[in-house]
Structure formats: structure tokens, C-alpha cells
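Dropping protein-v4.csv in here (CSV, C-alpha atoms):
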```
chain,number,residue,atom,x,y,z
N,23,MET,CA,2.8,22.2,21.7
N,24,LYS,CA,-0.4,20.7,20.4
N,25,LYS,CA,-1.2,17.0,20.8
N,26,ILE,CA,-1.4,14.8,17.7
N,27,ALA,CA,-4.5,12.7,17.1
N,28,ILE,CA,-4.0,9.8,14.8
N,29,CYS,CA,-7.0,8.8,12.8
N,30,GLY,CA,-7.6,5.1,13.5
N,31,ASP,CA,-10.0,4.4,10.7
N,32,PHE,CA,-7.6,1.8,9.3
N,33,LEU,CA,-8.2,-0.6,12.2
N,34,GLY,CA,-10.7,-3.5,11.7
N,35,LYS,CA,-10.2,-3.5,8.0
N,36,LYS,CA,-8.5,-6.1,5.8
N,37,ILE,CA,-4.8,-5.2,5.6
N,38,THR,CA,-3.8,-3.9,2.2
N,39,GLY,CA,-0.8,-1.7,1.5
N,40,ILE,CA,-2.2,1.5,3.0
N,41,GLN,CA,-3.4,-0.3,6.2
N,42,ARG,CA,0.0,-1.9,6.5
N,43,VAL,CA,1.7,1.4,6.4
N,44,ALA,CA,-0.5,2.8,9.1
N,45,TYR,CA,-0.2,-0.3,11.4
N,46,GLU,CA,3.5,-0.6,11.2
N,47,THR,CA,4.4,3.1,11.3
N,48,VAL,CA,2.2,3.8,14.3
N,49,SER,CA,3.8,0.8,16.1
N,50,GLU,CA,7.3,2.2,15.5
N,51,LEU,CA,6.1,5.8,16.3
N,52,ASP,CA,5.1,4.6,19.8
N,53,LYS,CA,8.8,4.1,20.6
N,54,LEU,CA,9.6,7.7,19.7
N,55,VAL,CA,6.8,9.9,21.0
N,56,ALA,CA,6.6,11.3,24.6
N,57,LYS,CA,3.9,9.8,26.7
N,58,GLY,CA,0.7,11.8,26.5
N,59,SER,CA,1.7,13.6,23.3
N,60,VAL,CA,-0.1,11.4,20.8
N,61,VAL,CA,-3.6,9.8,20.8
N,62,LEU,CA,-4.9,7.1,18.5
N,63,VAL,CA,-8.6,7.8,18.0
N,64,ILE,CA,-10.5,4.7,16.8
N,65,PRO,CA,-14.2,3.8,16.2
N,66,LYS,CA,-16.0,2.2,19.1
N,67,ASN,CA,-16.9,-0.9,17.0
N,68,VAL,CA,-13.2,-1.9,16.4
N,69,LYS,CA,-12.9,-5.3,18.1
N,70,GLU,CA,-9.2,-5.7,18.4
N,71,ARG,CA,-7.7,-2.6,20.0
N,72,PRO,CA,-3.9,-2.1,19.9
N,73,GLU,CA,-2.0,-1.5,23.0
N,74,TYR,CA,1.0,0.9,23.1
N,75,GLU,CA,3.5,2.2,25.7
N,76,ASN,CA,3.2,5.9,24.9
N,77,ILE,CA,0.3,6.4,22.5
N,78,GLU,CA,-3.1,6.6,24.2
N,79,VAL,CA,-5.9,4.8,22.5
N,80,VAL,CA,-9.3,6.5,22.6
N,81,ALA,CA,-12.5,5.0,21.2
N,82,ILE,CA,-15.3,7.3,20.1
N,83,HIS,CA,-18.5,6.8,18.1
N,84,SER,CA,-18.9,3.7,16.0
N,85,ASP,CA,-18.3,4.1,12.2
N,86,ASN,CA,-21.3,1.9,11.2
N,87,GLY,CA,-19.4,0.8,8.2
N,88,ASN,CA,-18.9,4.4,6.8
N,89,ARG,CA,-15.3,5.4,7.5
N,90,HIS,CA,-15.7,8.6,5.5
N,91,PHE,CA,-18.5,10.0,7.6
N,92,TRP,CA,-16.7,8.9,10.8
N,93,ILE,CA,-13.6,10.9,9.8
N,94,GLN,CA,-15.4,14.0,8.6
N,95,TRP,CA,-17.8,14.2,11.6
N,96,TRP,CA,-16.9,12.2,14.7
N,97,PHE,CA,-13.1,12.3,14.4
N,98,ALA,CA,-13.2,16.0,13.3
N,99,LEU,CA,-15.4,16.9,16.3
N,100,TYR,CA,-13.0,15.2,18.6
N,101,ILE,CA,-9.9,17.0,17.4
N,102,ILE,CA,-11.7,20.4,17.4
N,103,LYS,CA,-13.0,19.9,20.9
N,104,ASN,CA,-9.6,18.8,22.2
N,105,ARG,CA,-7.6,21.3,20.1
N,106,MET,CA,-5.5,18.6,18.5
N,107,THR,CA,-3.7,18.3,15.2
N,108,ALA,CA,-4.9,15.4,13.0
N,109,LEU,CA,-2.7,12.8,11.4
N,110,THR,CA,-4.5,10.6,8.7
N,111,PHE,CA,-2.9,7.7,6.9
N,112,CYS,CA,-5.6,6.6,4.4
N,113,ASN,CA,-5.9,9.3,1.7
N,114,GLU,CA,-8.3,11.6,3.6
N,115,VAL,CA,-8.3,14.6,5.8
N,116,PRO,CA,-11.0,16.0,8.1
N,117,ILE,CA,-12.1,19.1,6.2
N,118,LEU,CA,-13.3,20.9,9.3
N,119,LYS,CA,-9.8,20.7,10.9
N,120,PRO,CA,-7.1,19.5,8.5
N,121,GLY,CA,-3.7,18.4,9.7
N,122,ILE,CA,-1.0,16.0,8.4
N,123,ALA,CA,-2.3,13.7,5.7
N,124,TYR,CA,-0.9,10.8,3.7
N,125,LEU,CA,-1.7,10.9,0.0
N,126,HIS,CA,-0.2,7.6,-1.2
N,127,ASP,CA,-0.9,8.3,-4.9
N,128,ILE,CA,-3.3,10.1,-7.3
N,129,TYR,CA,-4.2,7.2,-9.6
N,130,TYR,CA,-7.8,8.3,-10.0
N,131,LYS,CA,-6.6,11.7,-11.2
N,132,LEU,CA,-4.1,10.4,-13.7
N,133,TYR,CA,-6.1,7.6,-15.3
N,134,PRO,CA,-9.7,8.8,-15.9
N,135,GLU,CA,-10.1,6.4,-18.8
N,136,ILE,CA,-10.1,3.4,-16.4
N,137,TYR,CA,-13.4,4.4,-15.0
N,138,ARG,CA,-16.1,3.6,-17.5
N,139,THR,CA,-19.4,2.8,-15.8
N,140,ALA,CA,-21.6,5.4,-14.0
N,141,GLY,CA,-20.7,3.9,-10.6
N,142,GLU,CA,-17.0,4.0,-11.4
N,143,LYS,CA,-17.2,7.6,-12.5
N,144,LEU,CA,-19.1,8.5,-9.4
N,145,THR,CA,-16.5,6.8,-7.2
N,146,ARG,CA,-13.8,8.7,-9.1
N,147,MET,CA,-15.5,12.0,-8.5
N,148,PHE,CA,-15.6,11.3,-4.8
N,149,VAL,CA,-12.0,10.3,-4.6
N,150,LEU,CA,-10.9,13.4,-6.6
N,151,MET,CA,-12.8,15.5,-4.0
N,152,LEU,CA,-10.6,13.8,-1.3
N,153,TYR,CA,-7.5,14.5,-3.3
N,154,ARG,CA,-8.4,18.1,-3.6
N,155,SER,CA,-9.3,18.5,0.1
N,156,ILE,CA,-5.9,17.0,1.0
N,157,THR,CA,-3.8,19.1,-1.4
N,158,ARG,CA,-5.6,22.3,-0.6
N,159,ARG,CA,-6.3,22.0,3.1
N,160,ALA,CA,-3.8,19.7,4.8
N,161,LYS,CA,-1.1,21.4,6.7
N,162,TYR,CA,1.4,18.9,5.4
N,163,VAL,CA,1.2,16.1,2.9
N,164,ILE,CA,3.1,12.8,3.0
N,165,THR,CA,3.4,10.5,0.0
N,166,ASP,CA,5.3,7.3,-0.7
N,167,SER,CA,7.8,8.1,-3.5
N,168,GLU,CA,9.5,10.9,-5.4
N,169,THR,CA,7.5,9.9,-8.4
N,170,SER,CA,4.2,10.4,-6.5
N,171,LYS,CA,5.5,13.7,-5.1
N,172,LYS,CA,6.3,15.1,-8.5
N,173,GLU,CA,2.8,14.0,-9.8
N,174,ILE,CA,1.0,15.6,-6.9
N,175,ILE,CA,3.0,18.9,-7.2
N,176,GLN,CA,2.3,19.0,-11.0
N,177,GLU,CA,-1.4,18.1,-10.8
N,178,TYR,CA,-2.3,20.2,-7.8
N,179,ASN,CA,0.3,22.9,-7.7
N,180,ILE,CA,1.1,22.2,-4.1
N,181,SER,CA,4.2,23.9,-2.6
N,182,LYS,CA,7.3,21.8,-2.3
N,183,ASN,CA,7.5,23.0,1.3
N,184,ARG,CA,4.2,21.3,2.2
N,185,ILE,CA,5.0,17.8,0.9
N,186,ASP,CA,7.5,15.1,1.7
N,187,VAL,CA,8.3,11.5,0.9
N,188,ILE,CA,8.2,8.6,3.5
N,189,GLY,CA,8.8,5.1,2.0
N,190,GLY,CA,7.5,1.8,3.3
N,191,GLY,CA,9.2,-1.1,5.1
N,192,TRP,CA,9.4,-4.9,5.2
N,193,GLN,CA,10.2,-5.8,8.8
N,194,HIS,CA,6.7,-7.1,9.6
N,195,ILE,CA,7.6,-10.1,7.4
N,196,LEU,CA,10.0,-11.3,10.1
N,197,ARG,CA,7.0,-11.8,12.5
N,198,ILE,CA,5.1,-14.1,10.1
N,199,GLN,CA,5.5,-17.8,10.2
N,200,PRO,CA,4.7,-19.5,6.8
N,201,ASP,CA,1.5,-21.7,6.6
N,202,CYS,CA,2.3,-24.3,4.0
N,203,SER,CA,-1.3,-25.6,4.1
N,204,VAL,CA,-1.9,-23.1,1.2
N,205,PHE,CA,-0.1,-25.6,-1.1
N,206,GLU,CA,-3.1,-28.0,-0.7
N,207,ARG,CA,-5.8,-25.4,-1.5
N,208,THR,CA,-6.0,-26.2,-5.2
N,209,ASP,CA,-4.5,-29.1,-7.2
N,210,LYS,CA,-1.5,-29.2,-4.9
N,211,ILE,CA,0.7,-26.3,-5.9
N,212,PRO,CA,4.2,-27.6,-6.5
N,213,ALA,CA,6.6,-25.7,-4.1
N,214,GLY,CA,9.4,-23.9,-5.9
N,215,GLU,CA,7.8,-24.5,-9.3
N,216,TYR,CA,5.4,-21.6,-9.7
N,217,TYR,CA,5.4,-17.9,-10.2
N,218,PHE,CA,3.5,-16.0,-7.6
N,219,THR,CA,1.6,-12.7,-7.8
N,220,LEU,CA,-0.9,-10.9,-5.6
N,221,GLY,CA,-3.2,-7.9,-5.9
N,222,SER,CA,-6.7,-6.9,-6.7
N,223,ILE,CA,-8.4,-7.4,-10.0
N,224,THR,CA,-8.5,-3.6,-10.6
N,225,GLU,CA,-7.0,-2.6,-14.0
N,226,ARG,CA,-4.0,-0.8,-12.4
N,227,LYS,CA,-2.8,-4.1,-10.9
N,228,ASN,CA,-2.7,-5.5,-14.5
N,229,ILE,CA,-3.4,-9.2,-13.6
N,230,LYS,CA,-4.3,-9.7,-17.3
N,231,TRP,CA,-0.6,-9.6,-18.0
N,232,ILE,CA,-0.2,-12.8,-16.0
N,233,PHE,CA,-3.2,-14.4,-17.8
N,234,GLN,CA,-1.8,-13.5,-21.3
N,235,TYR,CA,1.7,-14.7,-20.4
N,236,ALA,CA,0.3,-17.9,-19.0
N,237,LYS,CA,-1.6,-18.7,-22.2
N,238,LYS,CA,1.7,-18.5,-24.1
N,239,HIS,CA,3.6,-20.7,-21.6
N,240,ARG,CA,1.3,-23.6,-20.7
N,241,ASN,CA,4.1,-25.5,-19.1
N,242,GLU,CA,4.6,-22.9,-16.4
N,243,ILE,CA,2.4,-22.6,-13.3
N,244,PHE,CA,1.2,-19.2,-11.9
N,245,VAL,CA,-0.4,-18.7,-8.5
N,246,CYS,CA,-2.5,-15.6,-7.9
N,247,SER,CA,-4.0,-14.3,-4.6
N,248,GLY,CA,-6.2,-11.4,-3.9
N,249,LYS,CA,-9.9,-10.6,-4.6
N,250,ALA,CA,-11.4,-13.3,-6.7
N,251,PRO,CA,-11.9,-12.3,-10.4
N,252,ARG,CA,-15.3,-12.0,-12.0
N,253,ASP,CA,-16.4,-15.0,-14.1
N,254,LYS,CA,-16.0,-13.0,-17.3
N,255,LEU,CA,-12.2,-13.1,-17.0
N,256,ASP,CA,-10.6,-15.8,-19.1
N,257,ILE,CA,-8.3,-17.6,-16.6
N,258,PRO,CA,-6.0,-20.2,-18.2
N,259,GLU,CA,-5.8,-23.6,-16.7
N,260,ASN,CA,-2.2,-23.1,-15.6
N,261,VAL,CA,-3.2,-20.2,-13.4
N,262,LYS,CA,-4.3,-21.1,-9.9
N,263,TYR,CA,-6.4,-18.3,-8.4
N,264,LEU,CA,-6.6,-18.6,-4.6
N,265,GLY,CA,-8.6,-15.5,-3.7
N,266,TYR,CA,-7.8,-14.1,-0.3
N,267,VAL,CA,-4.9,-15.7,1.6
N,268,SER,CA,-3.7,-15.0,5.2
N,269,ASP,CA,-0.4,-13.4,5.9
N,270,GLU,CA,1.0,-16.8,6.9
N,271,GLN,CA,-0.1,-18.4,3.7
N,272,MET,CA,1.2,-15.4,1.7
N,273,MET,CA,4.6,-15.9,3.5
N,274,ALA,CA,4.7,-19.5,2.4
N,275,LEU,CA,3.9,-18.5,-1.2
N,276,TYR,CA,6.6,-15.8,-1.2
N,277,SER,CA,9.2,-18.2,0.3
N,278,ASP,CA,8.8,-21.1,-2.2
N,279,CYS,CA,8.0,-19.4,-5.5
N,280,LYS,CA,10.2,-19.5,-8.5
N,281,ALA,CA,9.8,-15.7,-8.6
N,282,PHE,CA,7.3,-13.1,-7.5
N,283,ILE,CA,5.7,-11.1,-10.3
N,284,PHE,CA,4.3,-7.6,-10.0
N,285,PRO,CA,3.1,-6.4,-13.4
N,286,SER,CA,1.3,-3.3,-12.0
N,287,LEU,CA,0.6,-0.3,-14.3
N,288,TYR,CA,0.8,2.2,-11.5
N,289,GLU,CA,1.9,2.3,-7.9
N,290,GLY,CA,2.6,4.9,-5.2
N,291,PHE,CA,5.3,2.7,-3.7
N,292,GLY,CA,4.6,-1.0,-4.4
N,293,LEU,CA,5.0,-2.8,-1.0
N,294,PRO,CA,4.5,-6.5,-2.1
N,295,PRO,CA,7.8,-6.8,-4.1
N,296,LEU,CA,9.6,-5.5,-1.0
N,297,GLU,CA,7.9,-8.1,1.2
N,298,ALA,CA,8.7,-10.8,-1.3
N,299,MET,CA,12.4,-9.8,-1.5
N,300,ALA,CA,12.5,-9.8,2.3
N,301,ALA,CA,11.1,-13.3,2.3
N,302,GLY,CA,13.9,-14.5,0.0
N,303,ALA,CA,12.0,-14.5,-3.3
N,304,ARG,CA,13.4,-13.4,-6.6
N,305,VAL,CA,11.3,-10.4,-7.9
N,306,ILE,CA,10.0,-9.3,-11.3
N,307,VAL,CA,8.2,-6.0,-11.5
N,308,SER,CA,6.9,-3.7,-14.3
N,309,ASN,CA,9.0,-0.8,-15.5
N,310,ALA,CA,6.2,1.6,-14.9
N,311,SER,CA,5.4,4.4,-12.4
N,312,CYS,CA,7.6,4.6,-9.3
N,313,LEU,CA,8.8,0.9,-9.4
N,314,PRO,CA,12.3,1.6,-11.0
N,315,GLU,CA,12.8,4.4,-8.5
N,316,ILE,CA,12.1,2.1,-5.5
N,317,TYR,CA,13.8,-1.1,-6.7
N,318,GLY,CA,16.7,0.0,-8.8
N,319,HIS,CA,18.9,-2.9,-9.9
N,320,SER,CA,17.6,-5.4,-7.3
N,321,VAL,CA,14.8,-6.8,-9.5
N,322,CYS,CA,14.1,-7.9,-13.1
N,323,TYR,CA,11.8,-5.6,-15.2
N,324,ILE,CA,9.0,-6.3,-17.6
N,325,ASP,CA,7.0,-4.1,-19.9
N,326,PRO,CA,3.5,-4.2,-18.5
N,327,TYR,CA,2.0,-3.9,-21.9
N,328,ASN,CA,4.0,-6.6,-23.6
N,329,THR,CA,4.1,-10.4,-22.8
N,330,ASP,CA,6.7,-11.2,-25.5
N,331,VAL,CA,9.4,-12.0,-23.0
N,332,GLU,CA,10.9,-15.1,-21.3
N,333,LEU,CA,10.8,-14.8,-17.6
N,334,SER,CA,13.3,-17.6,-17.1
N,335,GLU,CA,15.8,-15.7,-19.3
N,336,LEU,CA,15.3,-12.5,-17.3
N,337,LEU,CA,16.0,-14.3,-14.0
N,338,ALA,CA,19.1,-15.9,-15.5
N,339,LEU,CA,20.5,-12.5,-16.3
N,340,GLN,CA,20.2,-11.3,-12.7
N,341,LYS,CA,21.6,-14.1,-10.7
N,342,ASN,CA,24.2,-12.0,-9.0
N,343,ASN,CA,22.2,-9.1,-7.6
N,344,VAL,CA,22.5,-10.1,-3.9
N,345,GLN,CA,24.2,-6.8,-3.0
N,346,PHE,CA,21.6,-4.7,-4.8
N,347,LYS,CA,18.9,-6.5,-2.8
N,348,GLU,CA,20.7,-5.8,0.5
N,349,ASP,CA,21.0,-2.2,-0.5
N,350,ILE,CA,17.2,-1.9,-1.0
N,351,LEU,CA,16.3,-3.7,2.2
N,352,ASN,CA,18.7,-1.5,4.1
N,353,ARG,CA,17.2,1.6,2.6
N,354,TYR,CA,13.6,0.9,3.7
N,355,SER,CA,12.4,0.2,7.2
N,356,TRP,CA,9.4,1.1,9.4
N,357,GLU,CA,11.8,2.5,11.9
N,358,LYS,CA,13.1,5.0,9.4
N,359,SER,CA,9.6,5.8,8.3
N,360,ALA,CA,8.5,6.5,11.8
N,361,GLU,CA,11.6,8.7,12.5
N,362,ARG,CA,10.8,10.9,9.5
N,363,LEU,CA,7.2,11.1,10.4
N,364,HIS,CA,8.0,12.0,14.0
N,365,LYS,CA,10.1,15.0,12.8
N,366,ILE,CA,7.2,16.2,10.7
N,367,MET,CA,4.8,15.8,13.6
N,368,LYS,CA,7.0,17.8,15.9
N,369,MET,CA,7.4,20.6,13.3
N,370,ILE,CA,3.7,20.9,12.7
N,371,ALA,CA,2.8,20.6,16.4
N,372,GLU,CA,5.1,23.5,17.3
N,373,GLU,CA,3.5,25.9,14.8
```

Would you mind writing the structure in this file as C-alpha cells?
Amino acid sequence: MKKIAICGDFLGKKITGIQRVAYETVSELDKLVAKGSVVLVIPKNVKERPEYENIEVVAIHSDNGNRHFWIQWWFALYIIKNRMTALTFCNEVPILKPGIAYLHDIYYKLYPEIYRTAGEKLTRMFVLMLYRSITRRAKYVITDSETSKKEIIQEYNISKNRIDVIGGGWQHILRIQPDCSVFERTDKIPAGEYYFTLGSITERKNIKWIFQYAKKHRNEIFVCSGKAPRDKLDIPENVKYLGYVSDEQMMALYSDCKAFIFPSLYEGFGLPPLEAMAAGARVIVSNASCLPEIYGHSVCYIDPYNTDVELSELLALQKNNVQFKEDILNRYSWEKSAERLHKIMKMIAEE
């Protein structure tokens, strides 16, 4: 049986959804694998190295800020030399020796109109190359939802026998203690009296829905976190844009908001609404992409292209959905994700 080498390129980066999946799944996987059967291979320049009971951590060449070259050259050479099977979490596979690869979604493929400048088009071409290398060369592909699985099969004609779905989890929220100092960051955000959203300013996250709705409801307060928007965006006065917040500050914002809003146009899974739900927040998401598949009747839905709606009325209609929330929280866990991944790893390692 071949050893599995997990690509640790996700370490040392700011934690977004993809990095969160990698961190939490590997931590749970450590409880399942036999000692000596799995290695986590990381760049030498990673400062905080994780410690596991059964997974060995091996540091090789520094990535020098270029994770793609590190994966395609140094990580690839390591697994070839040691005759291992690769497991990658971050939408990439070593072309020289492909193994098991996560492909969380294919947004760049499905929405070419989003990429307008020369730089954006060049980035899209590179990402499409990564998509193609995964779908053509990976021994096994893992994605986040049935919606993404259908899209990948349709667009890349991949066999149903080479792809599976592993969802996310929320249990990491239980480790985070809220940092309420965030309420002092800008004009004293009133606890319990604001709508909260997070995400980047990329078009797919649809932050403009929040801005447009806020302009129509000047008496409501909206708090946004994530990468700071460019100056050209017209941000209403009743929108408090915080930029990056820590996990502890995010937990405080989840816990005390009137509701968490996720107006995204496209997601592979959509982890933040699950985090918010686990933190006790009421949740409003768009009715686009995989979100209805993931969240069912546990949340309120909005049209991501239409702001002619009253959020307070939506929330009033779903006061008694406690059981639906419990069903969703019971459905997803990092433990279940790791168990499913472990079965796939064993299957591939025995080939």
C-alpha cells in the first residue's frame, strides 16, 4: 500500500474557505490514519508547523511566495522520489505525478464574462489550465457539493467513478472565543442591531447587493468584513466596512448580528453561513448555485439580482426553523468529511 503525501501549501496563508477545509480535515484525518501511512509535506518557510499524533510533518524547499511552482516542482519531486500518492486540497494537482485532488468549484470556467481586463483574463487562463490538469490527470477528484459535481462532469466529461462529494463542517467555531473589541472599531457598532456579511470584493461574492439594499434602507446598519473595497465602490454611510477581522472578532460579529447575509452569486459549498448558523445567527443566503442544496429550509433566501425585498419580513416568516437548523448542523462535520476522505485514500492507495 502506497503512502499518502498531503500537500501542505495551505499552511502559512490567511484562512479562507479552502484553507479551512484543509486545516480541519487534516486534523480529523490524523485520528483515523495508521501511524506512518500519511505525510504532510510543507514548505520550509512555514513558521507555525502543526503537530499530529499519526501524520508525519516533513518540511522541504521554501516556496518563496510561489505556491504553484512549489507544488509542481518540489512537492512533485518529493512524491516521485518516495513513491507516494499525492493529496492536494487547493484546486491543483502535481502534473508530474497526479493523485487525489480537491476541485472545490469551477467558477472561472462557468463565468468568463466576469474577467474583463488583460490581467484578469490571463489569471483565468492559468486557472483553467489547473482545472483541466485536475479533471484529466487526477486519480480521483473531490468537490464540495452535488451541484459542483454535476458542473464538473458536464464541463469536463469526467467519469462519475472518478469524482465524489465531501462537504464542509462547522465544529472549529466551538474553539473560537468572541472578541467584542470589534464593536469599537468603527462608530461603535450596536450589538444585535446590524446585519453582518463577509467575503471578498470579487464579483461572485456580490457585495454590491448589500450596498444597493443599504441605500434603500438607511435606517438599517450593515457590517461587512473581508478584503477592503477599492475607492471607486460607492459605499453607503450605513455600511460599516471593517476589512480583515480575526476569527475571534468574526465570532463576535456572528453571535450578535440581527442576521448573517450571504448574497453570493456562486459557491462550491458556502462555508460562512454554516459557521454563522453554528454561532447562533439567523442566516439569509442567495437562492443561487449550490446554496439551496446545502441549506435547505434552515435559512431565508434572497434573489441575488434583486434588492426589492424586506429582510425583516423574511426573518419573521422563518421564526420556527430550529429543527431545520439542527438537521443541517447534524449533516455536516469535519469528522464525517475526514471519514469519507479516509475511505477514498485507502481505495486509491491500494490500487

Mind listing whatever residues come within 12 Å of the point (-1.8, -12.4, -19.1)? Use all atoms listed in the file, file coordinates, and give them as a ChimeraX atom specification.
-> /N:219,227-240,244,246,255-258,260-261,283-286,326-331

Save out the residues we just selected, C-alpha atoms, as a tab-separated table (two decimals), in the frame of the given file.
```
chain	number	residue	atom	x	y	z
N	219	THR	CA	1.60	-12.70	-7.80
N	227	LYS	CA	-2.80	-4.10	-10.90
N	228	ASN	CA	-2.70	-5.50	-14.50
N	229	ILE	CA	-3.40	-9.20	-13.60
N	230	LYS	CA	-4.30	-9.70	-17.30
N	231	TRP	CA	-0.60	-9.60	-18.00
N	232	ILE	CA	-0.20	-12.80	-16.00
N	233	PHE	CA	-3.20	-14.40	-17.80
N	234	GLN	CA	-1.80	-13.50	-21.30
N	235	TYR	CA	1.70	-14.70	-20.40
N	236	ALA	CA	0.30	-17.90	-19.00
N	237	LYS	CA	-1.60	-18.70	-22.20
N	238	LYS	CA	1.70	-18.50	-24.10
N	239	HIS	CA	3.60	-20.70	-21.60
N	240	ARG	CA	1.30	-23.60	-20.70
N	244	PHE	CA	1.20	-19.20	-11.90
N	246	CYS	CA	-2.50	-15.60	-7.90
N	255	LEU	CA	-12.20	-13.10	-17.00
N	256	ASP	CA	-10.60	-15.80	-19.10
N	257	ILE	CA	-8.30	-17.60	-16.60
N	258	PRO	CA	-6.00	-20.20	-18.20
N	260	ASN	CA	-2.20	-23.10	-15.60
N	261	VAL	CA	-3.20	-20.20	-13.40
N	283	ILE	CA	5.70	-11.10	-10.30
N	284	PHE	CA	4.30	-7.60	-10.00
N	285	PRO	CA	3.10	-6.40	-13.40
N	286	SER	CA	1.30	-3.30	-12.00
N	326	PRO	CA	3.50	-4.20	-18.50
N	327	TYR	CA	2.00	-3.90	-21.90
N	328	ASN	CA	4.00	-6.60	-23.60
N	329	THR	CA	4.10	-10.40	-22.80
N	330	ASP	CA	6.70	-11.20	-25.50
N	331	VAL	CA	9.40	-12.00	-23.00
```

Using all atoms listed in the file, which of the listed residues (N:Gly214, N:Leu293, N:Gly189, N:Asp85) sits closest to Cys279 of chain N?
->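 Smallest separation from Cys279 of chain N among the options: N:Gly214.
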
Leaving out Phe282 of chain N and any residue of its chain fewer than 5 positions from it, which residues lie within 12 Å of it when counting all atoms listed in the file, given as a ChimeraX atom specification?
-> /N:214-221,232,244-247,272-273,275-277,294-308,321-323,333,337

Give the answer as one residue: which of N:Ser84, N:Gly141, N:Asp349, N:Ala274 has the shortest atom-to-atom distance to Ile198 of chain N, using all atoms listed in the file?
->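 Closest candidate: N:Ala274.
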
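Proximity to Glu70 of chain N was assessed for N:Phe148, N:Phe32, N:Tyr263, N:Tyr178 counting only C-alpha atoms; the smallest distance is recorded for N:Phe32.
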
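Minimum atom-to-atom distances from N:Gln193, N:Ser268, N:Ser222, N:Thr208 to Lys249 of chain N were compared using all atoms listed in the file, and the lowest value belongs to N:Ser222.
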
One decimal, Å: what's the distance from atom CA of Ser167 of chain N over to atom CA of Leu351 of chain N, could you say?
->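 We find that atom CA of Ser167 of chain N and atom CA of Leu351 of chain N lie 15.6 Å from each other.
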
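Across N:Ala27, N:Leu363, N:Gly121, N:Ala98, the tightest approach to Glu78 of chain N is made by N:Ala27 when counting only C-alpha atoms.
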
Using only C-alpha atoms, the shortest atom-to-atom distance to Asp269 of chain N among N:Glu75, N:Asp127, N:Asp31, N:Asp201 belongs to N:Asp201

Do you have the atom CA of Arg154 of chain N-atom CA of Tyr129 of chain N distance handy?
->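 So the answer is 13.1 Å.
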
Segment 178-214 of chain N near segment 40-48 of chain N within 9 Å: what's each residue's closest atom pair and its distance in Å to one decimal, counting only C-alpha atoms, ordered by chain then ascending residue number, as a tab-separated table?
```
residue	atom	partner	partner_atom	distance
N:Gly190	CA	N:Val43	CA	6.6
N:Gly191	CA	N:Val43	CA	8.0
N:Gln193	CA	N:Glu46	CA	8.8
N:His194	CA	N:Glu46	CA	7.4
```

Could you name the residues that touch Ser170 of chain N at 12 Å or less, counting all atoms listed in the file, but leaving out those on the same chain fewer than 5 positions away, as a VMD selection string?
-> chain N and resid 124 to 129 131 to 132 163 to 165 175 to 178 185 to 189 288 to 292 311 to 313 315 to 316

Got a sec: who's within 6 Å of Pro116 of chain N, counting all atoms listed in the file, leaving out chain neighbours fewer than 2 positions off, as a list in words?
-> Ile93, Gln94, Ala98, Leu118, Lys119 and Pro120 of chain N

Straight-line distance linking atom CA of Asn241 of chain N with atom CA of Lys280 of chain N, stated in Å to one decimal =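 Atom CA of Lys280 of chain N lies 13.6 Å from atom CA of Asn241 of chain N.
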
Once 6 Å is added on each side, what are the centre and the three edge lengths, in Å to one decimal, of the axis-aligned box enclosing the listed atoms of segment 44-63 of chain N? Present them as lines of an AutoDock Vina configuration file.
```
center_x = 0.5
center_y = 6.5
center_z = 17.9
size_x = 30.2
size_y = 26.2
size_z = 29.6
```
